[in-house]
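What's in input.txt: compact mmCIF, C-alpha atoms
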# COMPACT_ATOMS: atom_id res chain seq x y z
CA MET J 1 -81.14 -53.40 75.31
CA LYS J 2 -84.31 -55.41 74.78
CA ARG J 3 -85.11 -56.58 71.29
CA ARG J 4 -88.03 -54.22 71.20
CA GLU J 5 -87.60 -50.93 73.00
CA PHE J 6 -90.29 -48.33 73.39
CA ILE J 7 -89.00 -44.87 72.78
CA THR J 8 -88.31 -42.68 75.78
CA LEU J 9 -89.30 -39.05 75.97
CA LEU J 10 -86.59 -36.46 76.51
CA SER J 11 -87.91 -36.00 80.03
CA GLY J 12 -87.34 -39.70 80.68
CA ALA J 13 -90.98 -40.77 80.75
CA THR J 14 -91.99 -43.74 78.61
CA ALA J 15 -94.10 -42.77 75.61
CA TRP J 16 -95.43 -46.29 74.89
CA PRO J 17 -97.44 -48.29 75.56
CA LEU J 18 -100.45 -46.12 76.27
CA ALA J 19 -103.00 -47.26 78.80
CA GLU J 20 -106.05 -47.53 76.58
CA SER J 21 -106.10 -49.48 73.31
CA ALA J 22 -108.67 -47.04 71.96
CA GLN J 23 -106.21 -44.22 72.52
CA GLN J 24 -103.49 -46.23 70.79
CA SER J 25 -105.62 -46.77 67.71
CA ALA J 26 -106.17 -43.03 67.38
CA LEU J 27 -102.45 -42.36 67.08
CA ALA J 28 -100.37 -42.36 63.92
CA LEU J 29 -97.41 -44.68 64.58
CA ILE J 30 -93.89 -43.77 63.46
CA GLY J 31 -91.30 -46.53 63.68
CA LEU J 32 -87.68 -45.42 64.08
CA LEU J 33 -85.15 -48.06 63.01
CA SER J 34 -81.47 -47.34 63.59
CA GLY J 35 -78.15 -49.12 63.41
CA SER J 36 -77.00 -47.53 66.66
CA GLN J 37 -78.45 -45.39 69.43
CA VAL J 38 -79.90 -42.10 68.20
CA GLY J 39 -79.12 -39.24 70.60
CA ASN J 40 -81.77 -37.19 72.40
CA ARG J 41 -80.97 -34.11 70.29
CA SER J 42 -81.67 -36.07 67.10
CA LEU J 43 -84.83 -37.63 68.51
CA GLY J 44 -85.99 -34.16 69.48
CA ALA J 45 -85.36 -32.98 65.93
CA ILE J 46 -87.57 -35.72 64.48
CA ARG J 47 -90.30 -34.77 66.92
CA GLN J 48 -89.92 -31.10 65.98
CA GLY J 49 -90.30 -31.84 62.28
CA LEU J 50 -93.48 -33.78 63.03
CA LYS J 51 -94.74 -31.20 65.51
CA ASP J 52 -94.36 -28.37 62.99
CA ALA J 53 -96.86 -30.25 60.84
CA GLY J 54 -99.29 -30.76 63.71
CA TYR J 55 -98.26 -34.24 64.89
CA ILE J 56 -97.65 -34.23 68.62
CA GLU J 57 -96.46 -37.30 70.49
CA GLY J 58 -99.06 -38.65 72.88
CA ARG J 59 -101.85 -36.61 71.31
CA ASN J 60 -102.10 -37.84 67.72
CA LEU J 61 -98.70 -39.49 67.30
CA GLY J 62 -96.82 -42.47 68.72
CA ILE J 63 -93.16 -43.34 68.12
CA LYS J 64 -91.51 -46.73 68.57
CA TYR J 65 -87.73 -46.98 68.57
CA TYR J 66 -85.73 -50.04 67.53
CA SER J 67 -81.93 -49.91 67.70
CA ALA J 68 -79.49 -52.65 66.62
CA ASP J 69 -76.75 -51.13 68.82
CA GLY J 70 -74.26 -51.45 65.98
CA ARG J 71 -75.08 -55.13 65.30
CA PHE J 72 -76.29 -55.00 61.71
CA ASP J 73 -77.38 -58.65 61.73
CA ARG J 74 -80.24 -57.70 64.08
CA LEU J 75 -81.77 -55.15 61.71
CA PRO J 76 -83.86 -57.53 59.52
CA ALA J 77 -85.65 -58.95 62.59
CA LEU J 78 -86.22 -55.47 64.04
CA ALA J 79 -87.59 -54.25 60.70
CA ALA J 80 -89.94 -57.24 60.59
CA GLU J 81 -91.28 -56.29 64.04
CA LEU J 82 -92.00 -52.76 62.86
CA VAL J 83 -93.84 -54.10 59.83
CA ALA J 84 -95.87 -56.46 62.01
CA ASP J 85 -97.01 -53.66 64.37
CA PRO J 86 -97.57 -52.06 61.78
CA ALA J 87 -95.98 -48.61 61.62
CA ALA J 88 -97.61 -45.98 59.40
CA VAL J 89 -94.15 -44.68 58.42
CA ILE J 90 -90.67 -46.08 59.12
CA VAL J 91 -87.79 -43.64 59.62
CA ALA J 92 -84.55 -45.52 58.94
CA ALA J 93 -81.26 -44.09 60.20
CA ALA J 94 -78.17 -45.47 58.37
CA PRO J 95 -77.90 -47.45 55.10
CA SER J 96 -78.20 -50.88 56.72
CA ALA J 97 -81.39 -49.86 58.51
CA ALA J 98 -82.89 -48.46 55.30
CA LEU J 99 -82.03 -51.62 53.35
CA ALA J 100 -83.48 -53.83 56.09
CA ALA J 101 -86.70 -51.80 56.12
CA LYS J 102 -86.97 -51.90 52.32
CA ALA J 103 -86.47 -55.68 52.34
CA ALA J 104 -89.17 -56.05 55.00
CA THR J 105 -91.94 -54.11 53.25
CA ALA J 106 -92.89 -52.82 49.83
CA THR J 107 -95.97 -50.98 51.08
CA ILE J 108 -95.18 -49.12 54.33
CA PRO J 109 -93.54 -45.76 53.51
CA ILE J 110 -89.86 -45.48 54.50
CA VAL J 111 -87.93 -42.23 55.12
CA PHE J 112 -84.17 -42.73 55.33
CA THR J 113 -81.35 -40.55 56.69
CA ILE J 114 -78.10 -41.66 55.08
CA GLY J 115 -74.83 -40.40 53.65
CA ALA J 116 -74.36 -43.03 50.95
CA ASP J 117 -75.80 -42.69 47.46
CA PRO J 118 -79.37 -44.07 47.71
CA ILE J 119 -79.40 -44.94 44.00
CA ASP J 120 -76.22 -47.01 44.27
CA LEU J 121 -77.70 -48.80 47.29
CA GLY J 122 -80.87 -49.61 45.35
CA LEU J 123 -83.12 -47.70 47.71
CA VAL J 124 -84.55 -45.38 45.05
CA SER J 125 -84.54 -45.32 41.26
CA SER J 126 -84.12 -41.54 41.04
CA LEU J 127 -83.41 -38.66 43.41
CA ASN J 128 -86.15 -36.50 41.91
CA ARG J 129 -88.77 -39.25 41.63
CA PRO J 130 -87.76 -42.07 43.96
CA GLY J 131 -90.49 -44.49 42.94
CA GLY J 132 -91.65 -47.25 45.26
CA ASN J 133 -92.16 -46.73 48.98
CA VAL J 134 -88.80 -45.14 49.90
CA THR J 135 -87.51 -41.56 50.04
CA GLY J 136 -85.53 -39.55 52.55
CA VAL J 137 -82.67 -37.22 53.41
CA ASN J 138 -79.17 -37.63 52.02
CA PHE J 139 -75.81 -35.98 52.68
CA LEU J 140 -72.88 -36.44 50.31
CA VAL J 141 -70.27 -38.61 52.01
CA LYS J 142 -67.94 -38.23 49.02
CA THR J 143 -67.75 -34.48 49.50
CA LEU J 144 -67.62 -34.73 53.29
CA ILE J 145 -64.89 -37.36 53.48
CA ALA J 146 -62.60 -35.27 51.27
CA LYS J 147 -63.26 -32.16 53.32
CA ARG J 148 -62.72 -34.06 56.57
CA LEU J 149 -59.32 -35.24 55.35
CA GLU J 150 -58.41 -31.70 54.29
CA LEU J 151 -59.33 -30.34 57.72
CA LEU J 152 -57.27 -33.00 59.47
CA ARG J 153 -54.33 -32.15 57.23
CA GLU J 154 -54.85 -28.47 58.00
CA LEU J 155 -54.59 -29.27 61.71
CA MET J 156 -51.52 -31.45 61.08
CA PRO J 157 -49.76 -30.01 57.99
CA SER J 158 -46.70 -32.24 58.40
CA ALA J 159 -48.76 -35.47 58.44
CA THR J 160 -47.92 -37.94 55.68
CA VAL J 161 -49.61 -41.14 56.90
CA ILE J 162 -53.31 -41.10 57.83
CA GLY J 163 -54.97 -44.37 58.85
CA PHE J 164 -58.56 -45.10 57.83
CA LEU J 165 -60.87 -47.29 59.93
CA THR J 166 -63.81 -48.82 58.07
CA ASN J 167 -66.44 -51.51 58.61
CA PRO J 168 -66.77 -53.85 55.60
CA ALA J 169 -70.18 -55.04 56.85
CA ASN J 170 -71.61 -51.61 56.06
CA PRO J 171 -73.06 -51.59 52.51
CA ALA J 172 -71.68 -48.06 52.04
CA SER J 173 -68.13 -49.02 53.10
CA ASP J 174 -66.70 -49.69 49.63
CA SER J 175 -67.89 -46.36 48.25
CA GLU J 176 -66.61 -44.39 51.26
CA THR J 177 -63.24 -46.15 51.11
CA LYS J 178 -62.81 -45.31 47.43
CA ASP J 179 -63.68 -41.69 48.13
CA VAL J 180 -61.16 -41.32 50.96
CA GLN J 181 -58.49 -43.06 48.87
CA ALA J 182 -59.05 -40.56 46.05
CA ALA J 183 -58.87 -37.65 48.51
CA ALA J 184 -55.66 -39.01 50.06
CA HIS J 185 -54.08 -39.40 46.64
CA THR J 186 -54.91 -35.78 45.80
CA LEU J 187 -53.25 -34.62 49.03
CA GLY J 188 -50.24 -36.89 48.56
CA LEU J 189 -50.98 -38.93 51.70
CA ASN J 190 -50.27 -42.56 52.47
CA LEU J 191 -53.56 -44.17 53.62
CA PRO J 192 -53.29 -47.50 55.48
CA ILE J 193 -56.77 -49.03 55.68
CA VAL J 194 -57.88 -51.33 58.48
CA ASN J 195 -61.19 -53.23 58.35
CA VAL J 196 -63.12 -53.64 61.59
CA SER J 197 -66.34 -55.53 62.30
CA SER J 198 -66.15 -56.38 66.02
CA GLU J 199 -65.11 -54.70 69.27
CA ARG J 200 -62.07 -56.98 69.43
CA ASP J 201 -61.08 -55.81 65.94
CA ILE J 202 -61.07 -52.19 67.12
CA ASP J 203 -58.36 -52.85 69.70
CA ALA J 204 -56.30 -54.72 67.09
CA ALA J 205 -56.82 -51.92 64.56
CA PHE J 206 -55.27 -49.29 66.80
CA ALA J 207 -52.36 -51.62 67.56
CA SER J 208 -51.89 -51.93 63.80
CA PHE J 209 -51.97 -48.15 63.36
CA VAL J 210 -49.28 -47.81 66.03
CA ARG J 211 -47.09 -50.34 64.23
CA GLN J 212 -47.58 -48.49 60.96
CA ARG J 213 -46.62 -45.21 62.63
CA VAL J 214 -49.65 -43.31 61.41
CA ASN J 215 -49.76 -39.59 62.14
CA ALA J 216 -53.53 -39.62 62.61
CA VAL J 217 -56.65 -41.72 62.02
CA MET J 218 -59.94 -41.09 60.27
CA VAL J 219 -62.88 -43.17 61.49
CA GLY J 220 -65.48 -44.08 58.89
CA ALA J 221 -69.05 -42.78 59.04
CA ASP J 222 -70.73 -45.87 60.41
CA ALA J 223 -73.39 -46.78 62.97
CA PHE J 224 -71.14 -49.58 64.24
CA PHE J 225 -68.50 -47.00 65.20
CA THR J 226 -71.08 -44.60 66.63
CA ALA J 227 -72.27 -47.36 68.97
CA ARG J 228 -68.66 -47.79 70.13
CA ARG J 229 -67.83 -44.11 70.41
CA ASP J 230 -66.33 -44.25 73.90
CA GLN J 231 -64.11 -47.21 73.01
CA LEU J 232 -62.74 -45.43 69.95
CA VAL J 233 -62.11 -42.16 71.76
CA GLU J 234 -60.40 -43.96 74.66
CA LEU J 235 -58.10 -45.96 72.34
CA ALA J 236 -57.13 -42.85 70.39
CA ALA J 237 -56.22 -41.13 73.67
CA ARG J 238 -54.36 -44.16 75.05
CA HIS J 239 -52.19 -44.41 71.95
CA ALA J 240 -51.91 -40.61 71.56
CA ILE J 241 -53.26 -40.77 67.99
CA PRO J 242 -55.15 -37.70 66.70
CA ALA J 243 -58.47 -38.87 65.25
CA SER J 244 -61.21 -37.37 63.11
CA TYR J 245 -64.85 -38.46 63.24
CA HIS J 246 -68.06 -37.88 61.28
CA ILE J 247 -70.28 -36.39 64.04
CA ARG J 248 -69.77 -33.99 66.95
CA GLU J 249 -70.83 -36.53 69.58
CA PHE J 250 -67.36 -38.08 69.34
CA VAL J 251 -65.78 -34.70 70.05
CA ALA J 252 -68.10 -34.09 72.99
CA ALA J 253 -66.90 -37.44 74.38
CA GLY J 254 -63.25 -36.39 74.07
CA GLY J 255 -62.43 -36.97 70.42
CA LEU J 256 -60.19 -34.48 68.66
CA MET J 257 -62.31 -33.20 65.79
CA SER J 258 -65.30 -33.96 63.59
CA TYR J 259 -66.79 -32.72 60.37
CA GLY J 260 -70.07 -33.94 58.99
CA ALA J 261 -73.72 -33.34 58.32
CA ASN J 262 -75.72 -31.44 60.90
CA LEU J 263 -77.69 -34.34 62.35
CA ILE J 264 -80.27 -32.07 63.93
CA ASP J 265 -81.20 -30.57 60.57
CA MET J 266 -81.15 -33.98 58.90
CA TYR J 267 -83.47 -35.61 61.42
CA ARG J 268 -85.78 -32.58 61.44
CA LEU J 269 -86.13 -32.91 57.67
CA ALA J 270 -86.89 -36.62 58.11
CA GLY J 271 -89.63 -35.69 60.57
CA VAL J 272 -91.05 -33.20 58.07
CA TYR J 273 -91.17 -35.88 55.37
CA ALA J 274 -92.77 -38.40 57.73
CA ALA J 275 -95.48 -35.83 58.49
CA ARG J 276 -96.11 -35.13 54.81
CA ILE J 277 -96.54 -38.85 54.20
CA LEU J 278 -98.94 -39.15 57.14
CA LYS J 279 -100.98 -36.41 55.48
CA GLY J 280 -101.28 -38.44 52.30
CA GLU J 281 -98.28 -37.64 50.10
CA LYS J 282 -96.55 -40.61 48.46
CA PRO J 283 -92.84 -41.31 49.00
CA ALA J 284 -92.54 -42.20 45.33
CA GLU J 285 -93.24 -38.56 44.49
CA LEU J 286 -91.19 -36.88 47.25
CA PRO J 287 -87.67 -36.05 45.97
CA VAL J 288 -84.74 -37.18 48.07
CA GLN J 289 -83.65 -34.12 50.04
CA GLN J 290 -80.01 -33.07 50.15
CA THR J 291 -79.06 -31.59 53.51
CA VAL J 292 -76.81 -28.55 53.09
CA LYS J 293 -75.93 -27.90 56.73
CA PHE J 294 -72.59 -29.23 57.95
CA GLU J 295 -70.67 -28.69 61.18
CA LEU J 296 -67.06 -28.69 62.32
CA ALA J 297 -66.28 -29.41 65.98
CA VAL J 298 -62.89 -29.28 67.73
CA ASN J 299 -61.95 -30.32 71.27
CA LEU J 300 -59.22 -28.00 72.58
CA LYS J 301 -58.54 -30.10 75.67
CA THR J 302 -57.81 -33.13 73.51
CA ALA J 303 -55.67 -31.09 71.13
CA LYS J 304 -53.60 -29.81 74.07
CA ALA J 305 -53.17 -33.35 75.43
CA LEU J 306 -51.85 -34.41 72.01
CA GLY J 307 -49.50 -31.44 71.81
CA LEU J 308 -51.34 -29.91 68.87
CA ALA J 309 -51.84 -26.19 68.32
CA VAL J 310 -55.17 -25.63 66.59
CA PRO J 311 -54.75 -22.97 63.85
CA ASP J 312 -56.82 -19.83 64.30
CA LYS J 313 -58.34 -20.46 60.88
CA LEU J 314 -59.82 -23.74 62.11
CA LEU J 315 -61.09 -22.20 65.34
CA VAL J 316 -62.84 -19.44 63.43
CA ALA J 317 -64.39 -21.94 61.01
CA ALA J 318 -65.54 -24.29 63.79
CA ASP J 319 -69.24 -24.41 64.59
CA GLU J 320 -68.42 -25.71 68.05
CA VAL J 321 -65.22 -25.47 70.09
CA ILE J 322 -65.27 -27.77 73.11
CA GLU J 323 -62.83 -27.13 75.93
CA GLY J 324 -63.39 -30.35 77.83
CA PHE J 325 -65.44 -33.55 77.85
CA LYS J 326 -69.20 -33.66 78.21

Once you've parsed the file, please lay out its structure as structure tokens.
Amino acid sequence: MKRREFITLLSGATAWPLAESAQQSALALIGLLSGSQVGNRSLGAIRQGLKDAGYIEGRNLGIKYYSADGRFDRLPALAAELVADPAAVIVAAAPSAALAAKAATATIPIVFTIGADPIDLGLVSSLNRPGGNVTGVNFLVKTLIAKRLELLRELMPSATVIGFLTNPANPASDSETKDVQAAAHTLGLNLPIVNVSSERDIDAAFASFVRQRVNAVMVGADAFFTARRDQLVELAARHAIPASYHIREFVAAGGLMSYGANLIDMYRLAGVYAARILKGEKPAELPVQQTVKFELAVNLKTAKALGLAVPDKLLVAADEVIEGFK
């Protein structure tokens, strides 16, 4: 991917640059900064949140998209490019992207979408009154990681050893690791933890899980892993290790199961906040929103290949049951 990538419409047509500079100047510019590729469904949700407030791409709105493709070291330079453009509002997906944007500007409004605690990360001073130029949408990883482990245990009630894959380069990694360790202790599970920060490390991590005879693996909620979704799903299948992920896109690609925030709702809310800021509201006075929509996805084809019978209770609870690979 080029260092600077203009966002592509869902139809596949390029939204930027526009032909006439006069037309460009009439548009409000939203900059989208992400740690990994944001899917078309999520991009559509941001557009919908903006459209509901009267901002329509190509008419009175432009969107530029910058993705680090899971390489967090690229984010500061990408954030600096957005500030130089400059964007009227920056939407930052993932903690590293939000921190890079905050470091790059103290004046351009920033709307984040993250699972980590924004106060602990230093993004805001308060959830109710964020202060500064940053606000956004938050989902509680602590609650989700415990629930995800419970669901995996429900699918595999005899499991005693669950491996956890985490990326120490992610500023939210320490907090997420502590949360999953606490959840594992409550359930009486042994939790081998493997740190990963490169593609080569991912191969070695699964080899380590095989040696440690894990019953299953939980993959951390991380843009680095999202960018390497296919690699993770393929390795889990090759080694016949049941794996749980944080978003449904892994399950659509052949992963076993996922439980996490509804990304469509989260990105729509981010679009709504970006629109409110464009209309003059200040991020310092917009409370951090807590998304309350979560989704469970299960891939029956993968479960069958692993020799797992999915309990009826899980199937009934699932928001999406996939019977193949998309």

Fewer than 2 positions away in the same chain doesn't count, so skip those; otherwise give me all residues within 7 Å of J:Arg248, counting all atoms listed in the file, as a compact mmCIF listing (two decimals) with C-alpha atoms, keeping the file's coordinate frame.
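Final output, saved to out_13.txt:
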# COMPACT_ATOMS: atom_id res chain seq x y z
CA PHE J 250 -67.36 -38.08 69.34
CA VAL J 251 -65.78 -34.70 70.05
CA ALA J 252 -68.10 -34.09 72.99
CA SER J 258 -65.30 -33.96 63.59
CA ALA J 297 -66.28 -29.41 65.98

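Of note, atom CA of J:Gln289 and atom CA of J:Phe112 are spaced 10.1 Å apart.
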
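Our summary of the geometry notes that atom CA of J:Ala223 is positioned 23.8 Å from atom CA of J:Ala318.
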
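Atom CA of J:Arg71 sits 21.5 Å away from atom CA of J:Gly122.
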
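The residue set within 10 Å of J:Val210, counting all atoms listed in the file and dropping same-chain residues fewer than 3 places from it, reads Gly163, Ala204, Ala205, Phe206, Ala207, Arg213, Val214, Asn215, Ala216, His239, Ala240 and Ile241 of chain J.
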
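Nearest residue to J:Ile63 among J:Val89, J:Val38, J:Leu256, J:Met218 is J:Val89, counting only C-alpha atoms.
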
* **Shell around J:Ala261 at 7 Å using all atoms listed in the file, local window under 4 positions removed, as number ranges by chain** => J: 139, 293-295

* To do: Name all residues at most 12 Å from J:Ala53 (count all atoms listed in the file; drop same-chain ones fewer than 5 positions away) and give them as number ranges by chain.
  => J: 46-48, 60-61, 268-269, 271-279

* Asked: Which residues, written as JSON, numbers by chain, have at least one atom at most 12 Å from J:Pro157, with only C-alpha atoms counted and residues fewer than 6 positions away on the same chain left out?
  -> {"J": [149, 150, 151, 187, 188, 189, 215, 216, 308, 309, 310, 311]}

Mind writing the picked residues with C-alpha atoms as a compact mmCIF listing (two decimals), keeping the file's coordinate frame?
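After the write, result_26.txt holds the following:
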# COMPACT_ATOMS: atom_id res chain seq x y z
CA LEU J 149 -59.32 -35.24 55.35
CA GLU J 150 -58.41 -31.70 54.29
CA LEU J 151 -59.33 -30.34 57.72
CA LEU J 187 -53.25 -34.62 49.03
CA GLY J 188 -50.24 -36.89 48.56
CA LEU J 189 -50.98 -38.93 51.70
CA ASN J 215 -49.76 -39.59 62.14
CA ALA J 216 -53.53 -39.62 62.61
CA LEU J 308 -51.34 -29.91 68.87
CA ALA J 309 -51.84 -26.19 68.32
CA VAL J 310 -55.17 -25.63 66.59
CA PRO J 311 -54.75 -22.97 63.85

Around all the atoms of stretch 112-117 of chain J listed in the file, draw an axis-aligned box and extend it by 3 Å on each of the six sides; I want its centre and edge lengths in Å to one decimal, as lines of an AutoDock Vina configuration file.
center_x = -79.3
center_y = -41.7
center_z = 52.1
size_x = 15.8
size_y = 8.6
size_z = 15.2

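The list of residues within 8 Å of (-88.9, -42.8, 44.6), counted using only C-alpha atoms, is J:Val124, J:Ser125, J:Ser126, J:Leu127, J:Asn128, J:Arg129, J:Pro130, J:Gly131, J:Gly132, J:Asn133, J:Val134, J:Thr135, J:Pro283, J:Ala284, J:Glu285, J:Leu286, J:Pro287, J:Val288.
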
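Using all atoms listed in the file, the nearest neighbour of J:Pro192 within the list J:Leu99, J:Leu165, J:Ala77, J:Ala84 is J:Leu165.
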
With C-alpha atoms as the atom set, please write stretch 85-132 of chain J from the structure just given, as a short mmCIF file (atom, residue, chain, number, x, y, z; two decimals), in the first residue's frame.
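Result saved to result_15.cif:
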data_model
loop_
_atom_site.label_atom_id
_atom_site.label_comp_id
_atom_site.auth_asym_id
_atom_site.auth_seq_id
_atom_site.Cartn_x
_atom_site.Cartn_y
_atom_site.Cartn_z
CA ASP J 85 -3.43 18.35 4.82
CA PRO J 86 -5.14 19.41 7.17
CA ALA J 87 -8.14 17.27 8.11
CA ALA J 88 -11.09 18.97 9.83
CA VAL J 89 -11.57 15.87 12.02
CA ILE J 90 -9.41 12.76 12.45
CA VAL J 91 -11.13 9.43 13.14
CA ALA J 92 -8.58 7.12 14.74
CA ALA J 93 -9.21 3.36 14.79
CA ALA J 94 -7.17 1.49 17.46
CA PRO J 95 -5.22 2.80 20.47
CA SER J 96 -1.93 3.25 18.61
CA ALA J 97 -3.63 5.32 15.91
CA ALA J 98 -5.36 7.50 18.51
CA LEU J 99 -2.11 8.08 20.40
CA ALA J 100 -0.26 8.93 17.18
CA ALA J 101 -2.96 11.42 16.20
CA LYS J 102 -2.96 13.01 19.66
CA ALA J 103 0.83 13.36 19.54
CA ALA J 104 0.61 14.97 16.11
CA THR J 105 -1.93 17.69 16.94
CA ALA J 106 -3.43 19.47 19.92
CA THR J 107 -5.91 21.45 17.82
CA ILE J 108 -7.51 19.20 15.18
CA PRO J 109 -10.42 17.26 16.75
CA ILE J 110 -9.85 13.50 17.10
CA VAL J 111 -12.57 10.82 17.41
CA PHE J 112 -11.23 7.43 18.46
CA THR J 113 -12.71 3.92 18.30
CA ILE J 114 -10.89 1.75 20.84
CA GLY J 115 -11.40 -1.02 23.38
CA ALA J 116 -8.74 0.07 25.88
CA ASP J 117 -9.43 2.53 28.69
CA PRO J 118 -8.90 5.99 27.14
CA ILE J 119 -8.09 7.50 30.54
CA ASP J 120 -5.34 4.95 31.23
CA LEU J 121 -3.92 5.64 27.77
CA GLY J 122 -3.86 9.37 28.44
CA LEU J 123 -6.21 10.19 25.60
CA VAL J 124 -8.81 11.92 27.77
CA SER J 125 -8.91 13.22 31.33
CA SER J 126 -12.49 12.10 31.96
CA LEU J 127 -15.11 10.01 30.18
CA ASN J 128 -17.85 12.57 30.81
CA ARG J 129 -15.77 15.65 29.98
CA PRO J 130 -12.78 14.52 27.94
CA GLY J 131 -11.05 17.89 27.79
CA GLY J 132 -8.60 18.73 25.03
#
